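Structure data follow from my_file.cif (mmCIF, C-alpha atoms and all ligand atoms):
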```
data_protein
loop_
_atom_site.group_PDB
_atom_site.id
_atom_site.type_symbol
_atom_site.label_atom_id
_atom_site.label_comp_id
_atom_site.auth_asym_id
_atom_site.auth_seq_id
_atom_site.Cartn_x
_atom_site.Cartn_y
_atom_site.Cartn_z
ATOM 1 C CA MET C 1 48.828 -78.770 27.362
ATOM 2 C CA THR C 2 49.990 -75.179 26.989
ATOM 3 C CA ALA C 3 50.047 -73.057 30.125
ATOM 4 C CA SER C 4 48.105 -69.820 29.793
ATOM 5 C CA PRO C 5 50.437 -66.827 29.839
ATOM 6 C CA ALA C 6 50.787 -65.085 33.193
ATOM 7 C CA THR C 7 49.127 -61.673 33.522
ATOM 8 C CA THR C 8 51.710 -58.927 33.589
ATOM 9 C CA ASP C 9 51.490 -55.342 34.823
ATOM 10 C CA ALA C 10 51.519 -54.281 31.168
ATOM 11 C CA ASP C 11 48.258 -56.218 30.574
ATOM 12 C CA THR C 12 46.435 -54.458 33.375
ATOM 13 C CA ALA C 13 47.970 -50.986 33.098
ATOM 14 C CA PRO C 14 45.585 -48.309 31.855
ATOM 15 C CA ALA C 15 46.182 -47.151 28.280
ATOM 16 C CA PRO C 16 48.532 -44.148 28.204
ATOM 17 C CA ALA C 17 46.866 -40.774 27.739
ATOM 18 C CA PRO C 18 46.925 -39.757 24.078
ATOM 19 C CA ALA C 19 49.454 -37.095 23.107
ATOM 20 C CA THR C 20 47.425 -33.902 23.158
ATOM 21 C CA ALA C 21 47.731 -30.575 21.372
ATOM 22 C CA VAL C 22 45.879 -27.307 21.849
ATOM 23 C CA ILE C 23 45.795 -25.159 18.714
ATOM 24 C CA GLY C 24 45.321 -21.418 19.163
ATOM 25 C CA SER C 25 46.391 -18.997 21.850
ATOM 26 C CA GLY C 26 43.455 -16.671 22.276
ATOM 27 C CA ARG C 27 41.205 -16.526 25.322
ATOM 28 C CA MET C 28 40.126 -20.176 25.112
ATOM 29 C CA GLY C 29 43.494 -21.630 24.073
ATOM 30 C CA ASP C 30 45.445 -19.804 26.755
ATOM 31 C CA ALA C 31 42.982 -20.685 29.531
ATOM 32 C CA LEU C 32 42.816 -24.326 28.411
ATOM 33 C CA VAL C 33 46.591 -24.721 28.388
ATOM 34 C CA ARG C 34 46.766 -23.301 31.901
ATOM 35 C CA LEU C 35 44.093 -25.734 33.111
ATOM 36 C CA LEU C 36 45.445 -28.804 31.313
ATOM 37 C CA ALA C 37 49.197 -28.347 31.849
ATOM 38 C CA PRO C 38 49.316 -29.857 35.367
ATOM 39 C CA HIS C 39 47.345 -32.913 34.255
ATOM 40 C CA ARG C 40 48.798 -33.685 30.838
ATOM 41 C CA PRO C 41 52.611 -33.525 30.903
ATOM 42 C CA GLY C 42 54.033 -33.027 27.434
ATOM 43 C CA LEU C 43 50.975 -31.054 26.338
ATOM 44 C CA ILE C 44 51.698 -29.455 22.961
ATOM 45 C CA TRP C 45 50.635 -25.867 22.371
ATOM 46 C CA SER C 46 50.530 -24.675 18.813
ATOM 47 C CA GLY C 47 49.825 -21.387 17.107
ATOM 48 C CA ARG C 48 50.893 -19.386 14.119
ATOM 49 C CA ASP C 49 53.846 -18.005 16.093
ATOM 50 C CA PRO C 50 55.343 -20.801 18.246
ATOM 51 C CA GLN C 51 58.107 -18.488 19.547
ATOM 52 C CA ARG C 52 55.530 -16.225 21.118
ATOM 53 C CA LEU C 53 53.937 -19.287 22.721
ATOM 54 C CA THR C 54 57.303 -20.416 24.107
ATOM 55 C CA ALA C 55 57.631 -17.033 25.841
ATOM 56 C CA ARG C 56 54.076 -17.353 27.181
ATOM 57 C CA VAL C 57 54.802 -20.873 28.490
ATOM 58 C CA ALA C 58 57.799 -19.479 30.416
ATOM 59 C CA GLU C 59 55.644 -16.673 31.791
ATOM 60 C CA LEU C 60 53.138 -19.283 33.020
ATOM 61 C CA GLY C 61 55.917 -21.317 34.653
ATOM 62 C CA HIS C 62 55.246 -24.346 32.432
ATOM 63 C CA THR C 63 58.615 -24.619 30.703
ATOM 64 C CA GLY C 64 59.452 -28.328 30.393
ATOM 65 C CA VAL C 65 55.797 -29.251 30.908
ATOM 66 C CA VAL C 66 54.213 -27.674 27.836
ATOM 67 C CA ASP C 67 55.927 -27.999 24.434
ATOM 68 C CA THR C 68 55.303 -25.490 21.683
ATOM 69 C CA ALA C 69 55.184 -26.377 18.011
ATOM 70 C CA ASP C 70 54.018 -25.157 14.640
ATOM 71 C CA HIS C 71 50.694 -26.474 13.358
ATOM 72 C CA THR C 72 52.140 -29.230 11.160
ATOM 73 C CA THR C 73 54.401 -30.623 13.885
ATOM 74 C CA ALA C 74 51.626 -30.483 16.470
ATOM 75 C CA VAL C 75 49.206 -32.411 14.272
ATOM 76 C CA HIS C 76 51.795 -35.077 13.524
ATOM 77 C CA ARG C 77 52.740 -35.535 17.185
ATOM 78 C CA ALA C 78 49.285 -35.451 18.754
ATOM 79 C CA ASP C 79 46.500 -38.043 18.737
ATOM 80 C CA LEU C 80 44.021 -35.650 20.330
ATOM 81 C CA VAL C 81 43.874 -32.147 18.886
ATOM 82 C CA VAL C 82 41.845 -29.367 20.508
ATOM 83 C CA LEU C 83 40.979 -26.535 18.130
ATOM 84 C CA ALA C 84 40.656 -23.289 20.097
ATOM 85 C CA LEU C 85 39.917 -21.439 16.862
ATOM 86 C CA TRP C 86 37.009 -19.580 15.309
ATOM 87 C CA HIS C 87 34.863 -21.776 13.087
ATOM 88 C CA ARG C 88 36.210 -20.436 9.769
ATOM 89 C CA HIS C 89 39.803 -20.963 10.947
ATOM 90 C CA ALA C 90 38.978 -24.432 12.293
ATOM 91 C CA LEU C 91 37.595 -25.350 8.863
ATOM 92 C CA ASP C 92 40.754 -24.056 7.149
ATOM 93 C CA PHE C 93 42.843 -25.965 9.680
ATOM 94 C CA VAL C 94 41.216 -29.370 9.142
ATOM 95 C CA ARG C 95 41.246 -28.886 5.360
ATOM 96 C CA THR C 96 44.972 -28.124 5.449
ATOM 97 C CA HIS C 97 45.843 -30.975 7.831
ATOM 98 C CA GLY C 98 43.143 -33.478 6.851
ATOM 99 C CA GLU C 99 45.529 -36.311 5.955
ATOM 100 C CA ALA C 100 47.502 -36.024 9.199
ATOM 101 C CA LEU C 101 44.292 -35.855 11.235
ATOM 102 C CA ALA C 102 42.898 -39.130 9.838
ATOM 103 C CA GLY C 103 41.926 -41.435 12.710
ATOM 104 C CA LYS C 104 42.679 -38.761 15.335
ATOM 105 C CA THR C 105 40.305 -37.102 17.748
ATOM 106 C CA VAL C 106 39.642 -33.431 17.042
ATOM 107 C CA VAL C 107 37.820 -31.293 19.593
ATOM 108 C CA ASP C 108 35.671 -28.482 18.226
ATOM 109 C CA LEU C 109 34.963 -25.546 20.542
ATOM 110 C CA ALA C 110 33.521 -23.220 17.951
ATOM 111 C CA ASN C 111 30.192 -21.459 18.104
ATOM 112 C CA PRO C 112 29.214 -20.264 14.620
ATOM 113 C CA PHE C 113 27.858 -16.891 15.707
ATOM 114 C CA THR C 114 27.700 -13.923 13.378
ATOM 115 C CA ASP C 115 30.367 -11.289 14.006
ATOM 116 C CA ASP C 116 27.884 -9.111 15.936
ATOM 117 C CA PHE C 117 26.845 -12.091 18.153
ATOM 118 C CA GLN C 118 23.209 -11.537 17.187
ATOM 119 C CA GLY C 119 22.629 -14.704 15.181
ATOM 120 C CA PHE C 120 24.138 -17.722 13.466
ATOM 121 C CA ALA C 121 26.361 -17.988 10.457
ATOM 122 C CA LEU C 122 24.963 -21.484 9.772
ATOM 123 C CA PRO C 123 21.391 -22.713 9.220
ATOM 124 C CA GLU C 124 19.673 -24.573 12.051
ATOM 125 C CA THR C 125 19.926 -27.852 10.114
ATOM 126 C CA THR C 126 23.627 -28.082 10.956
ATOM 127 C CA SER C 127 26.295 -27.020 13.472
ATOM 128 C CA ALA C 128 29.915 -25.925 13.439
ATOM 129 C CA ALA C 129 30.888 -29.390 14.692
ATOM 130 C CA GLU C 130 29.051 -31.166 11.871
ATOM 131 C CA GLN C 131 30.565 -28.819 9.293
ATOM 132 C CA LEU C 132 33.990 -29.668 10.672
ATOM 133 C CA ALA C 133 33.205 -33.389 10.434
ATOM 134 C CA ALA C 134 32.132 -32.920 6.806
ATOM 135 C CA ALA C 135 35.390 -31.065 6.063
ATOM 136 C CA ALA C 136 37.513 -33.755 7.766
ATOM 137 C CA PRO C 137 35.588 -37.024 7.316
ATOM 138 C CA ARG C 138 38.493 -39.198 8.484
ATOM 139 C CA ALA C 139 38.975 -37.344 11.776
ATOM 140 C CA ARG C 140 36.851 -38.134 14.813
ATOM 141 C CA ILE C 141 35.193 -34.838 15.689
ATOM 142 C CA VAL C 142 33.990 -34.199 19.235
ATOM 143 C CA GLY C 143 32.211 -31.026 20.366
ATOM 144 C CA ALA C 144 33.101 -29.727 23.847
ATOM 145 C CA LEU C 145 33.429 -26.549 25.895
ATOM 146 C CA LYS C 146 31.200 -24.644 23.474
ATOM 147 C CA ASN C 147 29.015 -23.622 26.402
ATOM 148 C CA THR C 148 31.945 -22.637 28.641
ATOM 149 C CA PHE C 149 32.631 -18.933 28.306
ATOM 150 C CA TRP C 150 36.259 -17.837 28.555
ATOM 151 C CA ALA C 151 35.789 -16.091 31.897
ATOM 152 C CA VAL C 152 34.528 -19.371 33.378
ATOM 153 C CA LEU C 153 37.369 -21.343 31.801
ATOM 154 C CA GLU C 154 39.839 -18.884 33.356
ATOM 155 C CA ASP C 155 38.212 -19.040 36.776
ATOM 156 C CA PRO C 156 35.789 -21.983 36.985
ATOM 157 C CA ALA C 157 34.702 -21.617 40.641
ATOM 158 C CA LEU C 158 31.102 -20.435 40.799
ATOM 159 C CA PRO C 159 28.433 -20.712 43.477
ATOM 160 C CA GLY C 160 26.261 -23.773 42.849
ATOM 161 C CA GLY C 161 29.058 -26.191 42.057
ATOM 162 C CA PRO C 162 31.041 -27.107 38.975
ATOM 163 C CA SER C 163 29.475 -26.131 35.706
ATOM 164 C CA ASP C 164 28.584 -28.619 33.017
ATOM 165 C CA VAL C 165 30.649 -29.210 29.915
ATOM 166 C CA LEU C 166 28.509 -30.881 27.268
ATOM 167 C CA VAL C 167 30.412 -33.332 25.079
ATOM 168 C CA THR C 168 28.949 -34.399 21.732
ATOM 169 C CA GLY C 169 30.209 -36.843 19.133
ATOM 170 C CA ASP C 170 29.446 -39.842 16.974
ATOM 171 C CA HIS C 171 32.588 -41.804 17.926
ATOM 172 C CA GLN C 172 32.136 -43.116 21.445
ATOM 173 C CA GLN C 173 35.823 -43.858 22.002
ATOM 174 C CA ALA C 174 36.822 -40.364 20.861
ATOM 175 C CA LYS C 175 34.206 -38.835 23.141
ATOM 176 C CA GLU C 176 35.550 -40.874 26.059
ATOM 177 C CA GLN C 177 39.089 -39.672 25.294
ATOM 178 C CA VAL C 178 37.868 -36.100 25.511
ATOM 179 C CA MET C 179 35.923 -36.733 28.703
ATOM 180 C CA SER C 180 39.091 -38.256 30.229
ATOM 181 C CA LEU C 181 41.089 -35.208 29.143
ATOM 182 C CA LEU C 182 38.612 -32.887 30.825
ATOM 183 C CA ALA C 183 37.887 -35.080 33.874
ATOM 184 C CA PRO C 184 40.593 -33.569 36.153
ATOM 185 C CA LEU C 185 39.348 -30.044 35.456
ATOM 186 C CA PRO C 186 36.872 -28.370 37.816
ATOM 187 C CA PHE C 187 33.832 -29.039 35.634
ATOM 188 C CA ARG C 188 31.258 -31.792 35.331
ATOM 189 C CA CYS C 189 31.474 -33.443 31.909
ATOM 190 C CA LEU C 190 28.229 -34.817 30.533
ATOM 191 C CA ASP C 191 27.952 -37.049 27.504
ATOM 192 C CA ALA C 192 25.519 -34.985 25.445
ATOM 193 C CA GLY C 193 24.988 -37.581 22.731
ATOM 194 C CA ALA C 194 25.401 -37.318 18.986
ATOM 195 C CA LEU C 195 27.459 -34.688 17.185
ATOM 196 C CA ALA C 196 24.195 -33.280 15.781
ATOM 197 C CA ASN C 197 23.268 -32.249 19.338
ATOM 198 C CA SER C 198 25.930 -29.551 18.890
ATOM 199 C CA ARG C 199 23.199 -27.621 17.043
ATOM 200 C CA THR C 200 21.324 -27.273 20.309
ATOM 201 C CA VAL C 201 24.443 -26.613 22.406
ATOM 202 C CA GLU C 202 25.630 -23.856 20.056
ATOM 203 C CA ARG C 203 22.190 -22.227 19.994
ATOM 204 C CA MET C 204 21.703 -22.520 23.765
ATOM 205 C CA THR C 205 25.094 -20.886 24.190
ATOM 206 C CA LEU C 206 24.017 -17.822 22.224
ATOM 207 C CA LEU C 207 20.807 -17.655 24.262
ATOM 208 C CA SER C 208 22.790 -17.852 27.533
ATOM 209 C CA ARG C 209 25.028 -15.064 26.250
ATOM 210 C CA GLU C 210 22.030 -12.890 25.436
ATOM 211 C CA ILE C 211 20.494 -13.472 28.876
ATOM 212 C CA ALA C 212 23.808 -12.878 30.668
ATOM 213 C CA VAL C 213 24.320 -9.607 28.801
ATOM 214 C CA ARG C 214 20.761 -8.524 29.688
ATOM 215 C CA TYR C 215 21.277 -9.302 33.378
ATOM 216 C CA ASP C 216 24.800 -7.897 33.410
ATOM 217 C CA HIS C 217 26.849 -10.978 34.249
ATOM 218 C CA TYR C 218 28.357 -11.755 30.857
ATOM 219 C CA PRO C 219 30.889 -13.420 30.361
ATOM 220 C CA ARG C 220 30.728 -15.066 33.785
ATOM 221 C CA THR C 221 27.874 -17.339 32.914
ATOM 222 C CA THR C 222 27.528 -21.093 32.543
ATOM 223 C CA TRP C 223 25.086 -23.994 32.927
ATOM 224 C CA ARG C 224 24.465 -26.727 35.431
ATOM 225 C CA LEU C 225 21.709 -29.236 34.807
ATOM 226 C CA LEU C 226 19.810 -29.663 38.051
ATOM 227 C CA GLY C 227 18.866 -33.184 39.027
ATOM 228 C CA ALA C 228 21.767 -34.888 37.239
ATOM 229 C CA LYS C 229 23.974 -37.014 39.509
ATOM 230 C CA ALA C 230 27.326 -35.430 40.321
HETATM 231 N N1 LIG C 301 35.422 -16.778 24.069
HETATM 232 C C1 LIG C 301 34.524 -17.589 24.639
HETATM 233 O O1 LIG C 301 33.955 -17.302 25.719
HETATM 234 C C2 LIG C 301 34.187 -18.902 23.983
HETATM 235 C C3 LIG C 301 33.383 -19.836 24.677
HETATM 236 C C4 LIG C 301 33.124 -21.083 24.098
HETATM 237 C C5 LIG C 301 33.602 -21.362 22.821
HETATM 238 N N2 LIG C 301 34.347 -20.407 22.172
HETATM 239 C C6 LIG C 301 34.848 -20.708 20.842
HETATM 240 O O2 LIG C 301 36.248 -20.901 20.960
HETATM 241 C C7 LIG C 301 36.892 -20.466 19.762
HETATM 242 C C8 LIG C 301 38.032 -19.507 20.142
HETATM 243 O O3 LIG C 301 37.503 -18.407 20.833
HETATM 244 P P1 LIG C 301 38.466 -17.348 21.558
HETATM 245 O O4 LIG C 301 37.584 -16.463 22.339
HETATM 246 O O5 LIG C 301 39.594 -18.056 22.213
HETATM 247 O O6 LIG C 301 39.018 -16.534 20.284
HETATM 248 P P2 LIG C 301 40.310 -15.605 20.212
HETATM 249 O O7 LIG C 301 40.635 -15.068 21.550
HETATM 250 O O8 LIG C 301 40.053 -14.653 19.103
HETATM 251 O O9 LIG C 301 41.471 -16.635 19.784
HETATM 252 C C9 LIG C 301 41.449 -17.311 18.559
HETATM 253 C C10 LIG C 301 42.853 -17.769 18.215
HETATM 254 O O10 LIG C 301 42.806 -18.314 16.904
HETATM 255 C C11 LIG C 301 44.082 -18.157 16.299
HETATM 256 N N3 LIG C 301 43.873 -17.521 14.981
HETATM 257 C C12 LIG C 301 43.509 -16.258 14.715
HETATM 258 N N4 LIG C 301 43.450 -16.064 13.387
HETATM 259 C C13 LIG C 301 43.775 -17.233 12.797
HETATM 260 C C14 LIG C 301 43.889 -17.658 11.463
HETATM 261 N N5 LIG C 301 43.666 -16.826 10.436
HETATM 262 N N6 LIG C 301 44.238 -18.944 11.248
HETATM 263 C C15 LIG C 301 44.485 -19.777 12.260
HETATM 264 N N7 LIG C 301 44.403 -19.416 13.563
HETATM 265 C C16 LIG C 301 44.037 -18.163 13.816
HETATM 266 C C17 LIG C 301 44.905 -17.237 17.169
HETATM 267 O O11 LIG C 301 45.886 -18.036 17.865
HETATM 268 P P3 LIG C 301 47.421 -18.036 17.350
HETATM 269 O O12 LIG C 301 47.797 -16.586 17.223
HETATM 270 O O13 LIG C 301 48.166 -18.753 18.415
HETATM 271 O O14 LIG C 301 47.450 -18.748 16.043
HETATM 272 C C18 LIG C 301 43.884 -16.654 18.119
HETATM 273 O O15 LIG C 301 44.444 -16.299 19.333
HETATM 274 C C19 LIG C 301 35.802 -19.807 18.896
HETATM 275 O O16 LIG C 301 35.399 -20.704 17.908
HETATM 276 C C20 LIG C 301 34.644 -19.580 19.848
HETATM 277 O O17 LIG C 301 33.379 -19.686 19.230
HETATM 278 C C21 LIG C 301 34.672 -19.194 22.734
#
```
Let me see the structure of the file written as structure tokens.
Ligand SMILES: NC(=O)c1ccc[n+]([C@@H]2O[C@H](COP(=O)([O-])OP(=O)(O)OC[C@H]3O[C@@H](n4cnc5c(N)ncnc54)[C@H](OP(=O)(O)O)[C@@H]3O)[C@@H](O)[C@H]2O)c1
Amino acid sequence: MTASPATTDADTAPAPAPATAVIGSGRMGDALVRLLAPHRPGLIWSGRDPQRLTARVAELGHTGVVDTADHTTAVHRADLVVLALWHRHALDFVRTHGEALAGKTVVDLANPFTDDFQGFALPETTSAAEQLAAAAPRARIVGALKNTFWAVLEDPALPGGPSDVLVTGDHQQAKEQVMSLLAPLPFRCLDAGALANSRTVERMTLLSREIAVRYDHYPRTTWRLLGAKA
């Protein structure tokens, strides 16, 4: 009779966090790196000018915690790639790096608003997230943070408790990876179902913007679904 192998620490240890990259250093990229750096050592930050990002990392006091890299290196090193880019640039990005992104989780933040923020650049039968999935069919696209305006990402504390981040996607494991990435941040992450639900999230986000502008609290505006358990 063969003895069953003893359980080791390695069997029970949680899976290591996937190597993570944030692409883009605008309002969303910069705020996200600042929020994630303490929780994801080795975070990779990538932009068109990695040297400028290295200087910014030093300014933030994250030298040795956040690595900077060009786009190609970042995509090769990371298993989870957050695109803090406008929709048209996100599309270009996944088309350029499609092979390297195969099997990886790609987070789409983009809202496909027109340049004057008055309407949508896409018909209501689709969403930026779905367009990204069509452009990179081998990547696992997850929508998140679309409804989190930059001023809230920079300073999340608001009366009424943590705001909701709605996470959409058709790959459950990829969605869970993203929810784990965001879990230490001061938000409440809600699984918002299929990637196609991004259509609603993107459109609700434009409506919240319009209302916040009308009532003079844009861009410090966000959502919290009442009644949901914390
Ligand atoms: N702003 C918000 O409140 C908010 C809220 C929710 C979702 N979003 C979404 O988040 C995304 C980013 O918004 P943002 O406000 O952070 O924009 P942003 O401040 O304009 O930053 C976008 C970044 O994209 C990179 N970029 C610019 N041109 C590029 C190009 N031709 N090719 C590749 N990369 C380019 C730049 O980073 P590098 O110079 O480092 O390459 C730039 O800093 C958008 O899709 C937006 O819809 C924004």
Expansion of the PyMOL selection byres (((not hetatm)) within 9 of (chain C and resi 301)) into residues, as a compact mmCIF listing (two decimals) with C-alpha atoms, keeping the file's coordinate frame:
```txt
# COMPACT_ATOMS: atom_id res chain seq x y z
CA ILE C 23 45.80 -25.16 18.71
CA GLY C 24 45.32 -21.42 19.16
CA SER C 25 46.39 -19.00 21.85
CA GLY C 26 43.46 -16.67 22.28
CA ARG C 27 41.20 -16.53 25.32
CA MET C 28 40.13 -20.18 25.11
CA GLY C 29 43.49 -21.63 24.07
CA ASP C 30 45.44 -19.80 26.76
CA ALA C 31 42.98 -20.68 29.53
CA TRP C 45 50.64 -25.87 22.37
CA SER C 46 50.53 -24.68 18.81
CA GLY C 47 49.82 -21.39 17.11
CA ARG C 48 50.89 -19.39 14.12
CA ASP C 49 53.85 -18.00 16.09
CA PRO C 50 55.34 -20.80 18.25
CA ARG C 52 55.53 -16.23 21.12
CA LEU C 53 53.94 -19.29 22.72
CA HIS C 71 50.69 -26.47 13.36
CA LEU C 83 40.98 -26.54 18.13
CA ALA C 84 40.66 -23.29 20.10
CA LEU C 85 39.92 -21.44 16.86
CA TRP C 86 37.01 -19.58 15.31
CA HIS C 87 34.86 -21.78 13.09
CA ARG C 88 36.21 -20.44 9.77
CA HIS C 89 39.80 -20.96 10.95
CA ALA C 90 38.98 -24.43 12.29
CA ASP C 92 40.75 -24.06 7.15
CA PHE C 93 42.84 -25.96 9.68
CA ASP C 108 35.67 -28.48 18.23
CA LEU C 109 34.96 -25.55 20.54
CA ALA C 110 33.52 -23.22 17.95
CA ASN C 111 30.19 -21.46 18.10
CA PRO C 112 29.21 -20.26 14.62
CA PHE C 113 27.86 -16.89 15.71
CA ALA C 128 29.92 -25.92 13.44
CA ALA C 144 33.10 -29.73 23.85
CA LEU C 145 33.43 -26.55 25.90
CA LYS C 146 31.20 -24.64 23.47
CA ASN C 147 29.02 -23.62 26.40
CA THR C 148 31.94 -22.64 28.64
CA PHE C 149 32.63 -18.93 28.31
CA TRP C 150 36.26 -17.84 28.56
CA ALA C 151 35.79 -16.09 31.90
CA VAL C 152 34.53 -19.37 33.38
CA LEU C 153 37.37 -21.34 31.80
CA GLU C 202 25.63 -23.86 20.06
CA THR C 205 25.09 -20.89 24.19
CA PRO C 219 30.89 -13.42 30.36
CA ARG C 220 30.73 -15.07 33.78
```
Target residues per the PyMOL selection byres (((chain C and resi 130-143) around 7) and not hetatm), formatted as a short mmCIF file (atom, residue, chain, number, x, y, z; two decimals) with C-alpha atoms, in the coordinates of the input:
```
data_model
loop_
_atom_site.label_atom_id
_atom_site.label_comp_id
_atom_site.auth_asym_id
_atom_site.auth_seq_id
_atom_site.Cartn_x
_atom_site.Cartn_y
_atom_site.Cartn_z
CA LEU C 91 37.60 -25.35 8.86
CA VAL C 94 41.22 -29.37 9.14
CA ARG C 95 41.25 -28.89 5.36
CA GLY C 98 43.14 -33.48 6.85
CA LEU C 101 44.29 -35.85 11.24
CA ALA C 102 42.90 -39.13 9.84
CA GLY C 103 41.93 -41.44 12.71
CA LYS C 104 42.68 -38.76 15.34
CA THR C 105 40.30 -37.10 17.75
CA VAL C 106 39.64 -33.43 17.04
CA VAL C 107 37.82 -31.29 19.59
CA ASP C 108 35.67 -28.48 18.23
CA LEU C 109 34.96 -25.55 20.54
CA THR C 126 23.63 -28.08 10.96
CA SER C 127 26.30 -27.02 13.47
CA ALA C 128 29.92 -25.92 13.44
CA ALA C 129 30.89 -29.39 14.69
CA ALA C 144 33.10 -29.73 23.85
CA VAL C 167 30.41 -33.33 25.08
CA THR C 168 28.95 -34.40 21.73
CA GLY C 169 30.21 -36.84 19.13
CA HIS C 171 32.59 -41.80 17.93
CA ALA C 174 36.82 -40.36 20.86
CA LYS C 175 34.21 -38.84 23.14
CA LEU C 195 27.46 -34.69 17.18
CA ALA C 196 24.20 -33.28 15.78
CA SER C 198 25.93 -29.55 18.89
#
```
Discussion item. List as an MDAnalysis selection string the protein and nucleic acid residues near Ser163 of chain C, meaning an atom at most 9 Å away when all atoms listed in the file are counted, but skip any in the same chain fewer than 4 places from it.
Written reply: chainID C and resid 148 152 156:158 186:189 222:225
Worksheet item: Which is closest to Arg209 of chain C among C:Glu59, C:Gly64, C:Gly119, C:Ala69, if we use all atoms listed in the file?
Response: C:Gly119
Discussion item. Between atom CA of Asp155 of chain C and atom CA of Ala78 of chain C, what is the distance in Å, rounded to a tenth?
Written reply: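 Spanning atom CA of Asp155 of chain C to atom CA of Ala78 of chain C is a straight-line distance of 26.8 Å.
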Worksheet item: Could you pull the residues within 12 Å of Ala183 of chain C, counting all atoms listed in the file, minus those fewer than 2 positions along the same chain, as a ChimeraX atom specification?
Response: /C:35-36,39-40,162,164-165,167,175-181,185-191
Practice prompt. Kindly give the distance, in Å, that separates atom CA of Arg34 of chain C and atom CA of His217 of chain C, rounded to a single decimal.
Written response: 23.5 Å
Practice prompt. Could you tell me how far atom CA of Val66 of chain C lies from atom CA of Gly42 of chain C, in Å and to one decimal?
Written response: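 One can read the atom CA of Val66 of chain C to atom CA of Gly42 of chain C distance as 5.4 Å.
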Fill in: Distance criterion (all atoms listed in the file): nearest to Arg203 of chain C out of C:Glu124, C:Ala19, C:Tyr215, C:Gln172
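Of C:Glu124, C:Ala19, C:Tyr215, C:Gln172, the one nearest Arg203 of chain C is C:Glu124, counting all atoms listed in the file.
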Worksheet entry | Contact residues around segment 54-56 of chain C with all atoms listed in the file at 8 Å, ignoring same-chain residues under 5 positions, as a PyMOL selection string | chain C and resi 63+67-68
